[in-house]
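Raw contents of target-v1.cif, mmCIF, C-alpha atoms:
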```cif
data_start
loop_
_atom_site.label_atom_id
_atom_site.label_comp_id
_atom_site.auth_asym_id
_atom_site.auth_seq_id
_atom_site.Cartn_x
_atom_site.Cartn_y
_atom_site.Cartn_z
CA MET A 1 65.38 28.53 68.52
CA THR A 2 62.80 26.88 70.78
CA LEU A 3 60.43 26.26 67.90
CA GLN A 4 61.36 25.24 64.42
CA ILE A 5 60.49 27.86 61.79
CA HIS A 6 58.21 25.54 59.86
CA THR A 7 56.30 24.73 63.10
CA VAL A 8 55.82 28.46 63.65
CA LYS A 9 54.54 28.80 60.11
CA GLN A 10 52.07 25.94 60.69
CA LEU A 11 50.88 27.58 63.91
CA LEU A 12 50.48 30.89 62.10
CA ASN A 13 48.38 29.19 59.45
CA LEU A 14 46.11 27.80 62.16
CA TYR A 15 46.10 31.20 63.89
CA TYR A 16 45.05 33.13 60.78
CA GLY A 17 42.48 30.48 59.95
CA GLY A 18 40.95 30.87 63.40
CA LEU A 19 41.72 27.28 64.24
CA ALA A 20 44.56 27.78 66.71
CA SER A 21 43.93 26.58 70.25
CA THR A 22 44.71 28.73 73.28
CA ASP A 23 47.86 26.69 73.78
CA ASP A 24 48.93 27.31 70.18
CA GLU A 25 48.39 31.03 70.61
CA ARG A 26 50.37 30.99 73.86
CA ARG A 27 53.24 29.19 72.11
CA LEU A 28 53.27 31.75 69.29
CA VAL A 29 53.25 34.71 71.70
CA GLU A 30 56.00 33.09 73.73
CA PHE A 31 58.06 32.48 70.61
CA PHE A 32 57.73 36.05 69.30
CA THR A 33 58.41 37.53 72.77
CA THR A 34 61.43 35.49 73.71
CA GLU A 35 63.06 34.89 70.38
CA THR A 36 65.39 37.63 69.29
CA ASP A 37 66.60 36.22 66.02
CA ILE A 38 63.30 36.24 64.09
CA PRO A 39 63.55 35.87 60.32
CA CYS A 40 62.52 38.89 58.25
CA GLU A 41 59.60 37.04 56.68
CA LEU A 42 58.02 36.60 60.14
CA GLN A 43 58.48 40.16 61.35
CA ASP A 44 55.04 41.27 60.23
CA ASP A 45 53.44 38.18 61.74
CA ARG A 46 55.20 38.95 65.00
CA ASP A 47 53.70 42.45 65.06
CA VAL A 48 50.21 41.11 64.37
CA VAL A 49 50.36 38.33 66.95
CA LEU A 50 51.82 40.50 69.68
CA SER A 51 49.42 43.37 68.99
CA LEU A 52 46.44 41.07 69.21
CA ALA A 53 47.83 39.39 72.31
CA ARG A 54 48.05 42.80 74.02
CA LEU A 55 44.36 43.41 73.39
CA GLY A 56 43.53 40.50 75.65
CA GLU A 57 40.36 38.51 75.40
CA VAL A 58 37.54 40.23 73.45
CA ARG A 59 34.27 40.10 75.25
CA ILE A 60 31.34 39.21 72.99
CA PRO A 61 28.05 40.71 74.17
CA ASP A 62 25.30 38.30 75.22
CA GLY A 63 22.87 37.49 72.42
CA MET A 64 25.29 38.63 69.74
CA ALA A 65 25.32 35.16 68.18
CA ASP A 66 21.51 35.08 68.03
CA GLU A 67 21.37 38.54 66.50
CA LEU A 68 23.94 37.62 63.90
CA SER A 69 22.15 34.41 62.94
CA ALA A 70 18.82 36.30 62.73
CA LEU A 71 20.45 38.89 60.49
CA ALA A 72 21.94 36.19 58.28
CA GLU A 73 18.54 34.50 58.01
CA ARG A 74 16.84 37.77 57.14
CA LEU A 75 19.40 38.57 54.43
CA ASP A 76 19.08 35.07 53.05
CA ARG A 77 15.27 35.34 52.94
CA GLN A 78 15.45 38.73 51.17
CA GLU A 79 17.82 37.34 48.58
CA ARG A 80 15.53 34.35 47.95
CA ILE A 81 12.48 36.64 47.48
CA SER A 82 14.41 38.95 45.16
CA ARG A 83 15.70 35.98 43.15
CA ARG A 84 12.16 34.55 42.91
CA GLY A 85 10.86 37.98 41.72
CA HIS A 86 13.55 38.25 39.07
CA ARG A 87 12.80 34.70 37.94
CA TRP A 88 9.08 35.59 37.58
CA VAL A 89 9.85 38.70 35.57
CA ALA A 90 12.22 36.78 33.31
CA ALA A 91 9.76 33.89 32.87
CA THR A 92 6.87 36.28 32.13
CA SER A 93 8.98 38.20 29.59
CA VAL A 94 9.98 35.00 27.83
CA ALA A 95 6.38 33.69 27.83
CA ALA A 96 5.01 37.01 26.52
CA SER A 97 7.65 37.18 23.82
CA ILE A 98 6.97 33.62 22.72
CA ALA A 99 3.22 34.35 22.65
CA ILE A 100 3.75 37.45 20.50
CA ILE A 101 6.13 35.63 18.14
CA VAL A 102 3.71 32.72 17.75
CA SER A 103 0.80 35.12 17.08
CA VAL A 104 2.86 37.03 14.52
CA ILE A 105 3.93 33.80 12.78
CA VAL A 106 0.32 32.56 12.70
CA PHE A 107 -0.86 35.95 11.45
CA ILE A 108 1.79 36.10 8.72
CA ALA A 109 1.08 32.49 7.70
CA ARG A 110 -2.62 33.30 7.42
CA SER A 111 -2.02 36.55 5.55
CA SER A 112 0.41 34.98 3.12
CA SER A 113 -1.96 32.13 2.30
CA THR A 114 -3.73 32.86 -0.97
CA ASP A 115 -6.90 34.83 -0.46
CA PRO A 116 -9.48 33.61 -2.95
CA TYR A 117 -11.13 37.03 -2.95
CA GLU A 118 -8.02 39.04 -3.73
CA ILE A 119 -7.41 39.90 -7.35
CA THR A 120 -3.75 39.31 -8.04
CA ASP A 121 -3.84 39.58 -11.84
CA PRO A 122 -2.78 43.19 -12.60
CA GLN A 123 -4.84 43.33 -15.80
CA LEU A 124 -8.04 42.21 -14.08
CA ALA A 125 -7.26 44.42 -11.08
CA GLU A 126 -6.93 47.42 -13.39
CA THR A 127 -10.22 46.65 -15.14
CA GLU A 128 -12.15 46.14 -11.92
CA ALA A 129 -10.58 49.17 -10.24
CA HIS A 130 -11.40 51.30 -13.28
CA LYS A 131 -15.03 50.14 -13.20
CA ALA A 132 -15.24 50.93 -9.48
CA LEU A 133 -13.60 54.33 -9.92
CA LEU A 134 -16.00 55.15 -12.75
CA LEU A 135 -19.00 54.45 -10.55
CA VAL A 136 -17.57 56.49 -7.67
CA SER A 137 -16.58 59.27 -10.04
CA GLU A 138 -20.09 59.37 -11.52
CA ALA A 139 -21.65 59.51 -8.06
CA LEU A 140 -19.26 62.28 -7.05
CA ASP A 141 -20.01 64.21 -10.22
CA ASN A 142 -23.75 63.76 -9.72
CA ALA A 143 -23.38 64.89 -6.12
CA ASP A 144 -21.72 68.10 -7.24
CA GLY A 145 -24.34 68.51 -9.96
CA SER A 146 -27.10 68.12 -7.38
CA ILE A 147 -25.47 70.73 -5.15
CA ILE A 148 -25.32 73.17 -8.06
CA GLU A 149 -28.94 72.42 -8.96
CA ALA A 150 -29.97 72.88 -5.35
CA GLY A 151 -28.08 76.14 -5.35
CA ARG A 152 -29.91 77.31 -8.46
CA ALA A 153 -33.23 76.29 -6.97
CA LEU A 154 -32.45 78.18 -3.80
CA SER A 155 -31.34 81.20 -5.82
CA LEU A 156 -34.96 81.69 -6.76
CA PHE A 157 -35.48 82.71 -3.15
CA VAL A 158 -32.08 84.12 -2.19
CA PRO A 159 -29.25 85.61 -4.29
CA TYR A 160 -27.21 82.82 -5.96
CA ASP A 161 -23.86 84.40 -5.01
CA SER A 162 -24.66 84.16 -1.34
CA ILE A 163 -25.40 80.43 -1.72
CA SER A 164 -22.12 79.78 -3.44
CA ASN A 165 -20.46 81.46 -0.46
CA ASN A 166 -22.20 78.87 1.72
CA THR A 167 -24.17 81.57 3.48
CA ILE A 168 -27.84 82.47 3.50
CA HIS A 169 -29.00 86.00 4.12
CA THR A 170 -32.13 86.63 6.08
CA GLU A 171 -34.43 89.61 5.67
CA ASP A 172 -32.47 91.37 8.38
CA ASP A 173 -29.32 90.69 6.38
CA GLU A 174 -27.86 88.55 9.13
CA THR A 175 -25.51 85.84 8.02
CA ILE A 176 -26.48 82.36 9.22
CA MET B 1 20.28 35.29 35.86
CA MET B 2 21.86 38.14 33.92
CA LYS B 3 22.11 35.95 30.83
CA LEU B 4 18.40 35.07 31.00
CA SER B 5 17.43 38.71 31.27
CA LYS B 6 19.50 39.51 28.23
CA SER B 7 17.88 36.75 26.18
CA ALA B 8 14.44 37.86 27.38
CA ARG B 9 15.23 41.37 26.23
CA THR B 10 16.39 40.06 22.86
CA LEU B 11 13.19 38.04 22.46
CA CYS B 12 11.10 41.08 23.35
CA LEU B 13 12.96 43.17 20.79
CA ILE B 14 12.47 40.54 18.07
CA ALA B 15 8.78 40.30 18.95
CA ILE B 16 8.30 44.07 18.79
CA CYS B 17 10.13 44.28 15.44
CA ALA B 18 8.07 41.41 13.99
CA PHE B 19 4.84 42.95 15.29
CA THR B 20 5.71 46.35 13.80
CA ALA B 21 6.61 44.76 10.46
CA THR B 22 3.30 42.88 10.47
CA CYS B 23 1.36 46.04 11.22
CA VAL B 24 3.14 47.91 8.46
CA THR B 25 2.53 45.22 5.87
CA ALA B 26 -0.98 44.34 7.02
CA GLN B 27 -3.82 44.75 4.53
CA ASN B 28 -7.03 46.38 5.67
CA LYS B 29 -9.83 44.28 4.27
CA TYR B 30 -12.63 46.17 5.96
CA MET B 31 -15.43 44.40 4.15
CA LYS B 32 -14.00 40.87 4.06
CA ARG B 33 -16.39 39.66 6.75
CA VAL B 34 -19.17 39.96 4.18
CA SER B 35 -17.47 37.46 1.88
CA ASP B 36 -18.69 34.51 3.96
CA LEU B 37 -22.33 35.29 3.25
CA PRO B 38 -24.01 33.16 0.58
CA GLY B 39 -24.94 34.96 -2.61
CA VAL B 40 -22.39 37.67 -1.98
CA GLN B 41 -19.43 38.30 -4.27
CA TYR B 42 -16.45 40.00 -2.71
CA MET B 43 -13.33 41.31 -4.44
CA TYR B 44 -10.25 42.89 -2.95
CA ILE B 45 -7.70 44.79 -4.99
CA ASP B 46 -4.52 45.86 -3.30
CA GLY B 47 -3.10 49.17 -4.48
CA ALA B 48 0.23 47.44 -5.13
CA THR B 49 -1.43 45.15 -7.70
CA LEU B 50 -2.46 48.08 -9.86
CA PRO B 51 -0.10 49.24 -12.61
CA ALA B 52 2.44 51.81 -11.48
CA GLY B 53 1.12 54.30 -14.02
CA GLY B 54 -2.38 54.07 -12.59
CA VAL B 55 -5.73 53.15 -14.03
CA PRO B 56 -7.29 54.84 -17.09
CA GLY B 57 -8.23 58.37 -16.11
CA LEU B 58 -6.26 58.36 -12.89
CA ASP B 59 -2.57 59.03 -13.17
CA MET B 60 -1.02 57.56 -10.07
CA SER B 61 2.31 59.28 -10.67
CA ASP B 62 0.50 62.57 -10.19
CA ASP B 63 0.31 62.46 -6.37
CA ASN B 64 -2.68 60.11 -6.47
CA THR B 65 -2.45 56.79 -4.68
CA ILE B 66 -4.92 53.97 -4.25
CA SER B 67 -4.31 51.80 -1.20
CA SER B 68 -7.15 49.38 -1.74
CA VAL B 69 -10.37 48.83 -3.61
CA GLU B 70 -13.04 46.52 -2.22
CA ILE B 71 -16.12 45.56 -4.16
CA ILE B 72 -19.20 43.72 -2.99
CA ASN B 73 -21.95 42.51 -5.29
CA CYS B 74 -25.04 41.00 -3.77
CA ASP B 75 -27.89 39.73 -5.93
CA ASP B 76 -29.56 37.77 -3.15
CA ASN B 77 -32.11 40.13 -1.65
CA SER B 78 -32.33 37.98 1.48
CA GLN B 79 -28.68 38.80 2.24
CA SER B 80 -28.81 42.54 1.56
CA GLU B 81 -29.94 43.39 5.06
CA ARG B 82 -27.22 41.22 6.56
CA VAL B 83 -24.62 42.93 4.34
CA LEU B 84 -25.83 46.34 5.50
CA GLU B 85 -25.76 45.16 9.09
CA LEU B 86 -22.15 44.05 8.78
CA LEU B 87 -21.10 47.23 7.02
CA ASP B 88 -22.97 49.47 9.41
CA PRO B 89 -19.94 50.40 11.57
CA LEU B 90 -17.97 51.43 8.48
CA ILE B 91 -20.90 53.33 6.96
CA ASN B 92 -21.50 55.19 10.23
CA GLU B 93 -17.83 56.05 10.45
CA LEU B 94 -17.87 57.93 7.15
CA PRO B 95 -19.93 61.09 6.68
CA LEU B 96 -22.69 60.93 4.08
CA MET B 97 -21.74 63.13 1.13
CA THR B 98 -24.77 62.62 -1.01
CA LYS B 99 -27.86 60.48 -1.30
CA ALA B 100 -29.65 60.16 -4.61
CA LYS B 101 -32.69 58.20 -5.63
CA GLU B 102 -33.64 57.67 -9.24
CA MET B 103 -36.49 55.41 -10.27
CA HIS B 104 -35.36 52.01 -9.02
CA VAL B 105 -31.85 52.88 -7.91
CA SER B 106 -30.64 54.47 -4.72
CA VAL B 107 -27.07 55.75 -4.45
CA ASP B 108 -25.41 56.71 -1.19
CA LEU B 109 -21.96 58.21 -1.23
CA HIS B 110 -19.99 58.36 1.99
CA GLY B 111 -16.52 59.80 2.13
CA GLU B 112 -13.70 61.29 4.04
CA LYS B 113 -12.32 64.38 2.33
CA GLN B 114 -9.42 66.49 3.55
CA HIS B 115 -8.32 69.65 1.73
CA GLY B 116 -9.88 68.53 -1.54
CA ARG B 117 -8.33 65.09 -1.33
CA ILE B 118 -10.25 61.91 -0.78
CA LYS B 119 -8.89 59.51 1.78
CA ARG B 120 -11.75 57.01 1.90
CA MET B 121 -14.92 56.67 -0.10
CA LEU B 122 -17.79 54.25 0.12
CA LEU B 123 -20.42 53.94 -2.56
CA LEU B 124 -23.58 52.04 -1.80
CA VAL B 125 -25.87 51.28 -4.72
CA THR B 126 -29.16 49.51 -4.04
CA THR B 127 -31.82 48.64 -6.57
CA LYS B 128 -35.51 48.16 -6.04
CA ASN B 129 -35.20 44.38 -6.11
CA ASP B 130 -32.65 44.63 -3.26
CA ALA B 131 -29.63 43.86 -5.39
CA MET B 132 -26.70 45.73 -3.96
CA GLN B 133 -23.26 46.92 -4.90
CA VAL B 134 -20.79 48.38 -2.48
CA ILE B 135 -17.47 49.94 -3.43
CA TYR B 136 -14.96 51.01 -0.85
CA ILE B 137 -11.81 52.85 -1.92
CA THR B 138 -8.96 53.95 0.30
CA GLY B 139 -6.00 56.04 -0.71
CA ASP B 140 -5.15 59.64 -1.36
CA ILE B 141 -6.86 60.94 -4.49
CA ASP B 142 -7.55 64.46 -5.66
CA ALA B 143 -11.34 64.92 -5.71
CA GLU B 144 -11.32 66.84 -8.99
CA THR B 145 -9.19 64.17 -10.68
CA LEU B 146 -11.55 61.48 -9.43
CA LYS B 147 -14.54 63.38 -10.75
CA ALA B 148 -12.81 63.83 -14.11
CA ILE B 149 -12.57 60.05 -14.65
CA HIS B 150 -16.30 59.93 -15.35
CA ASP B 151 -16.19 62.97 -17.64
CA ALA B 152 -13.31 61.53 -19.63
CA ASP B 153 -15.16 58.27 -20.13
CA ILE B 154 -18.25 59.89 -21.67
CA PRO B 155 -18.01 59.57 -25.48
CA LYS B 156 -17.95 63.02 -27.00
#
```
Hey, can you dump this file as structure tokens for me?
Amino acid sequence: MTLQIHTVKQLLNLYYGGLASTDDERRLVEFFTTETDIPCELQDDRDVVLSLARLGEVRIPDGMADELSALAERLDRQERISRRGHRWVAATSVAASIAIIVSVIVFIARSSSTDPYEITDPQLAETEAHKALLLVSEALDNADGSIIEAGRALSLFVPYDSISNNTIHTEDDETI
Amino acid sequence: MMKLSKSARTLCLIAICAFTATCVTAQNKYMKRVSDLPGVQYMYIDGATLPAGGVPGLDMSDDNTISSVEIINCDDNSQSERVLELLDPLINELPLMTKAKEMHVSVDLHGEKQHGRIKRMLLLVTTKNDAMQVIYITGDIDAETLKAIHDADIPK
């Protein structure tokens, strides 16, 4: 064996890592072409190296490097913008949530503080509510009484039944 | 980045829940702004403070509920106009049901009635010397039952 197996393995490592020199590649091709007793573990590597060696030198178009670097820059810029946008959205959400929570806490704190105007004694509340309801009830009763009185007064001019039906009949008997 | 979004979402959810809870438990003290005026007495009664059985004449277990009762008493005639000014939006919001004038007293009754049930009612009593009493009741009360409170209270 012209090359030791471990040397071949080292060269293959360099080859797959893209770090092999032209001379290294030539040595590998020479080894896999001339050597007949290749270990099983290197059979696949032999196929790869020889197949690629048959392809010859790949010609890279002019300006390809520039295009690739421009593309990389563009992708990088897009990612930065997108990341910045996401960061803004997240920051705004957090700020808005904190603002709402603070407002709610302040509101609850204010609401829970004793209101000097609120009657909390059930007995007093009942008395005051009863007084208020009595006044409202009286006004409501008087309102209904006034409507009935108005109805009676109007019945002097038009039939009372028609007033209670919320309608007024004209001389032509047309319902208004 | 993903973790931050998740925490932001959690915060938003907590905030929405807290806000909803606050809205649900919030008291509507429509006339409280008047309480700061000098010479004006303001009282607020929350429906929850009232006995479960209701007040005399109004059985609350019988589909009648009172959410709140607000009472304003103003004896200072210089403040009456200011009180009316502050209550103007509320008064305009509710249709006038009746207006009565007797000697020295004027009574305005505004209310919101739906299918014979009273949702809101505002009573405005003014006397000749500009003393004023305002009562604002919210809830869900049967109009006939409310009217009957007065009848039941008259000694036979």
Starting from the displayed file, determine the output of the PyMOL selection byres ((chain B and resi 129) around 10) and express the residue list as a PDB file with C-alpha atoms, in the coordinates of the input.
```
ATOM      1  CA  ASP B  75     -27.890  39.730  -5.930  1.00  0.00           C
ATOM      2  CA  ASP B  76     -29.560  37.770  -3.150  1.00  0.00           C
ATOM      3  CA  ASN B  77     -32.110  40.130  -1.650  1.00  0.00           C
ATOM      4  CA  HIS B 104     -35.360  52.010  -9.020  1.00  0.00           C
ATOM      5  CA  VAL B 105     -31.850  52.880  -7.910  1.00  0.00           C
ATOM      6  CA  THR B 126     -29.160  49.510  -4.040  1.00  0.00           C
ATOM      7  CA  THR B 127     -31.820  48.640  -6.570  1.00  0.00           C
ATOM      8  CA  LYS B 128     -35.510  48.160  -6.040  1.00  0.00           C
ATOM      9  CA  ASP B 130     -32.650  44.630  -3.260  1.00  0.00           C
ATOM     10  CA  ALA B 131     -29.630  43.860  -5.390  1.00  0.00           C
ATOM     11  CA  MET B 132     -26.700  45.730  -3.960  1.00  0.00           C
TER      12      MET B 132
END
```
Which residues come within 12 Å of A:Pro39, counting only C-alpha atoms, excluding same-chain residues fewer than 2 positions away, as a PyMOL selection string?
chain A and resi 1+4-6+8-9+32+35-37+41-46
Restricting the calculation to only C-alpha atoms, which member of B:Thr10, B:Thr49, B:Ser35, B:Thr138 is positioned closest to B:Leu87?
B:Ser35
When you count all atoms listed in the file, which of these residues is closest to chain B: A:Phe157, A:Glu149, A:Ala132, A:Thr33?
A:Ala132
Within 7 Å of chain B, which residues of chain A show up when using only C-alpha atoms, listed as a PyMOL selection string?
chain A and resi 90+93-94+97+100-101+104+117-120+122+125-126+129-130+132+134+136-141+143
What is the atom CA of A:Arg83 to atom CA of A:Ala65 distance in Å?
26.8 Å
Kindly give the distance, in Å, that separates atom CA of A:Ala70 and atom CA of A:Ser21, rounded to a single decimal.
28.0 Å
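Atom CA of B:Ile118 is positioned 6.1 Å from atom CA of B:Asp142.
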Could you tell me which residues the PyMOL selection byres ((chain A and resi 27) around 12) grabs in this file, written as a PyMOL selection string?
chain A and resi 2-4+7-8+10-12+15+20-26+28-35+49-50+53
Take the point (-24.0, 41.5, 6.0) as written in the file and pick out every residue within 12 Å of it, counting only C-alpha atoms; give the list as a PyMOL selection string.
chain B and resi 31-42+72-74+76-90+132+134
Test item: axis-aligned box, all listed atoms of stretch 80-89 of chain B, 4 Å on each side, centre and edges in Å rounded to one decimal, as JSON:
```
{"center_x": -24.9, "center_y": 45.8, "center_z": 6.6, "size_x": 18.0, "size_y": 17.2, "size_z": 18.0}
```
Mind rebuilding stretch 18-34 of chain A with N, CA and C atoms and writing that out as a short mmCIF file (atom, residue, chain, number, x, y, z; two decimals), in the coordinates of the input?
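For reference, rebuild-v5.cif as written:
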```cif
data_model
loop_
_atom_site.label_atom_id
_atom_site.label_comp_id
_atom_site.auth_asym_id
_atom_site.auth_seq_id
_atom_site.Cartn_x
_atom_site.Cartn_y
_atom_site.Cartn_z
N GLY A 18 41.86 30.89 62.25
CA GLY A 18 40.95 30.87 63.40
C GLY A 18 40.85 29.49 64.02
N LEU A 19 41.81 28.66 63.76
CA LEU A 19 41.72 27.28 64.24
C LEU A 19 42.75 26.99 65.36
N ALA A 20 43.52 28.00 65.68
CA ALA A 20 44.56 27.78 66.71
C ALA A 20 43.92 27.66 68.10
N SER A 21 44.43 26.74 68.87
CA SER A 21 43.93 26.58 70.25
C SER A 21 44.60 27.64 71.13
N THR A 22 44.14 27.75 72.36
CA THR A 22 44.71 28.73 73.28
C THR A 22 46.19 28.42 73.50
N ASP A 23 46.48 27.11 73.57
CA ASP A 23 47.86 26.69 73.78
C ASP A 23 48.74 27.10 72.60
N ASP A 24 48.19 26.92 71.38
CA ASP A 24 48.93 27.31 70.18
C ASP A 24 49.23 28.81 70.20
N GLU A 25 48.23 29.58 70.56
CA GLU A 25 48.39 31.03 70.61
C GLU A 25 49.46 31.41 71.65
N ARG A 26 49.39 30.71 72.79
CA ARG A 26 50.37 30.99 73.86
C ARG A 26 51.79 30.69 73.38
N ARG A 27 51.92 29.59 72.62
CA ARG A 27 53.24 29.19 72.11
C ARG A 27 53.77 30.24 71.12
N LEU A 28 52.86 30.72 70.28
CA LEU A 28 53.27 31.75 69.29
C LEU A 28 53.72 33.03 69.99
N VAL A 29 52.93 33.47 70.98
CA VAL A 29 53.25 34.71 71.70
C VAL A 29 54.60 34.55 72.41
N GLU A 30 54.77 33.38 73.00
CA GLU A 30 56.00 33.09 73.73
C GLU A 30 57.21 33.13 72.78
N PHE A 31 56.98 32.52 71.61
CA PHE A 31 58.06 32.48 70.61
C PHE A 31 58.45 33.89 70.16
N PHE A 32 57.42 34.70 69.81
CA PHE A 32 57.73 36.05 69.30
C PHE A 32 58.25 36.98 70.39
N THR A 33 57.94 36.67 71.68
CA THR A 33 58.41 37.53 72.77
C THR A 33 59.86 37.19 73.15
N THR A 34 60.12 35.90 73.22
CA THR A 34 61.43 35.49 73.71
C THR A 34 62.49 35.44 72.61
#
```
